[in-house]
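Okay, structure first, notes after.
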Amino acid sequence: ETRVSQITYDGENWEVISGLKDLTVMNSTNSEFWGYVKDKYTTLKEAYDRILATDVSARWRYNWTSDEQRMPNWEKSYEQARKHMLQAFAETYS
């Protein structure tokens with residue numbers, strides 16, 4: 001998992017795009033893979049309960065003017081985004 005950012009300043013406004021990439025997530029149950037189109041390239045058999053693992057990424061944007069005193073809470077935003085990604089993956093039946 002890697003934290004990423006892109007920062008832009010136009011002399012008046014700041015824009016920061018933060019994110020994380022390659023967060024590995026896994027469901028050991030409650031993941032289905034069936035009902036899809038099959039052709040000569042299909043290699044996986046249908047399954048109604050399958051292990052699912054993947055890497056996910058997300059980005060979020062901050063905007064504020066240079067006149068504003070308060071800076072975003074970078075760490076809190078990152079922790080909340082990461083928590084919600086893991087929670088959505090763990091609690092969503094797919």
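To be explicit about the labels: the chains of the structure tokens are called A, B, and onward in the order shown, and within each one the residues are counted from 1, while ligands get numbers from 1 in the order they are shown.
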Selection near segment 73-78 of chain A, 12 Å with only C-alpha atoms, sequence-local residues under 5 positions removed, as a PyMOL selection string: chain A and resi 2-5+16-21+58-62+83-85
Members of chain A assigned strand (DSSP E) by DSSP, as JSON, numbers by chain: {"A": [2, 3, 4, 5, 6, 7, 8, 9, 13, 14, 15, 16, 17, 18, 19, 20, 21, 22, 23, 24, 25, 26, 27, 52, 53, 54, 55, 56, 57, 58, 59, 60, 61, 62, 63, 64, 65]}
Which of A:Asp39, A:Asp55, A:Asp10, A:Glu79 sits closest to Met26 of chain A [using only C-alpha atoms]: A:Asp55
Pairwise distance for atom CA of Ser94 of chain A and atom CA of Ser31 of chain A, rounded to one decimal in Å: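 Those two atoms sit 4.9 Å apart.
Here atom CA of Thr54 of chain A stands at a distance of 17.9 Å from atom CA of Trp34 of chain A.
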Shell of 7 Å around Asp49 of chain A, only C-alpha atoms, local chain residues under 2 positions omitted, as a PyMOL selection string: chain A and resi 29-32+47
Between atom CA of Asn27 of chain A and atom CA of Arg50 of chain A, distance in Å (one decimal):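 Atom CA of Arg50 of chain A lies at a distance of 8.2 Å from atom CA of Asn27 of chain A.
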Which of chain A DSSP labels alpha helix (DSSP H), written as a list in words: Trp74, Glu75, Lys76, Ser77, Tyr78, Glu79, Gln80, Ala81, Arg82, Lys83, His84, Met85, Leu86, Gln87, Ala88, Phe89, Ala90 and Glu91 of chain A
Given the selection you just returned, output its residues as a file containing N, CA and C atoms, formatted as a PDB file, in the first residue's frame.
```pdb
ATOM      1  N   TRP A  74      -4.537  15.861   7.043  1.00  0.00           N
ATOM      2  CA  TRP A  74      -4.128  14.861   6.059  1.00  0.00           C
ATOM      3  C   TRP A  74      -4.230  13.447   6.612  1.00  0.00           C
ATOM      4  N   GLU A  75      -3.710  13.253   7.816  1.00  0.00           N
ATOM      5  CA  GLU A  75      -3.682  11.913   8.406  1.00  0.00           C
ATOM      6  C   GLU A  75      -5.092  11.391   8.662  1.00  0.00           C
ATOM      7  N   LYS A  76      -5.954  12.250   9.195  1.00  0.00           N
ATOM      8  CA  LYS A  76      -7.330  11.835   9.487  1.00  0.00           C
ATOM      9  C   LYS A  76      -8.072  11.473   8.201  1.00  0.00           C
ATOM     10  N   SER A  77      -7.897  12.276   7.157  1.00  0.00           N
ATOM     11  CA  SER A  77      -8.554  11.990   5.876  1.00  0.00           C
ATOM     12  C   SER A  77      -8.102  10.651   5.317  1.00  0.00           C
ATOM     13  N   TYR A  78      -6.797  10.410   5.381  1.00  0.00           N
ATOM     14  CA  TYR A  78      -6.251   9.145   4.886  1.00  0.00           C
ATOM     15  C   TYR A  78      -6.813   7.967   5.676  1.00  0.00           C
ATOM     16  N   GLU A  79      -6.782   8.068   6.996  1.00  0.00           N
ATOM     17  CA  GLU A  79      -7.268   6.973   7.841  1.00  0.00           C
ATOM     18  C   GLU A  79      -8.751   6.700   7.602  1.00  0.00           C
ATOM     19  N   GLN A  80      -9.553   7.764   7.447  1.00  0.00           N
ATOM     20  CA  GLN A  80     -10.986   7.578   7.194  1.00  0.00           C
ATOM     21  C   GLN A  80     -11.228   6.930   5.837  1.00  0.00           C
ATOM     22  N   ALA A  81     -10.532   7.392   4.811  1.00  0.00           N
ATOM     23  CA  ALA A  81     -10.707   6.809   3.476  1.00  0.00           C
ATOM     24  C   ALA A  81     -10.307   5.336   3.482  1.00  0.00           C
ATOM     25  N   ARG A  82      -9.187   5.035   4.094  1.00  0.00           N
ATOM     26  CA  ARG A  82      -8.716   3.647   4.166  1.00  0.00           C
ATOM     27  C   ARG A  82      -9.712   2.776   4.931  1.00  0.00           C
ATOM     28  N   LYS A  83     -10.190   3.279   6.058  1.00  0.00           N
ATOM     29  CA  LYS A  83     -11.160   2.540   6.874  1.00  0.00           C
ATOM     30  C   LYS A  83     -12.426   2.243   6.079  1.00  0.00           C
ATOM     31  N   HIS A  84     -12.941   3.244   5.357  1.00  0.00           N
ATOM     32  CA  HIS A  84     -14.171   3.046   4.588  1.00  0.00           C
ATOM     33  C   HIS A  84     -13.966   2.074   3.427  1.00  0.00           C
ATOM     34  N   MET A  85     -12.793   2.103   2.804  1.00  0.00           N
ATOM     35  CA  MET A  85     -12.514   1.147   1.730  1.00  0.00           C
ATOM     36  C   MET A  85     -12.502  -0.276   2.269  1.00  0.00           C
ATOM     37  N   LEU A  86     -11.812  -0.485   3.376  1.00  0.00           N
ATOM     38  CA  LEU A  86     -11.749  -1.823   3.970  1.00  0.00           C
ATOM     39  C   LEU A  86     -13.121  -2.275   4.453  1.00  0.00           C
ATOM     40  N   GLN A  87     -13.854  -1.358   5.048  1.00  0.00           N
ATOM     41  CA  GLN A  87     -15.191  -1.685   5.550  1.00  0.00           C
ATOM     42  C   GLN A  87     -16.129  -2.061   4.405  1.00  0.00           C
ATOM     43  N   ALA A  88     -16.106  -1.294   3.332  1.00  0.00           N
ATOM     44  CA  ALA A  88     -16.973  -1.586   2.185  1.00  0.00           C
ATOM     45  C   ALA A  88     -16.627  -2.946   1.588  1.00  0.00           C
ATOM     46  N   PHE A  89     -15.360  -3.243   1.492  1.00  0.00           N
ATOM     47  CA  PHE A  89     -14.954  -4.523   0.927  1.00  0.00           C
ATOM     48  C   PHE A  89     -15.353  -5.677   1.839  1.00  0.00           C
ATOM     49  N   ALA A  90     -15.161  -5.510   3.134  1.00  0.00           N
ATOM     50  CA  ALA A  90     -15.440  -6.589   4.086  1.00  0.00           C
ATOM     51  C   ALA A  90     -16.933  -6.827   4.284  1.00  0.00           C
ATOM     52  N   GLU A  91     -17.741  -5.766   4.198  1.00  0.00           N
ATOM     53  CA  GLU A  91     -19.155  -5.881   4.548  1.00  0.00           C
ATOM     54  C   GLU A  91     -20.096  -5.993   3.354  1.00  0.00           C
TER      55      GLU A  91
END
```
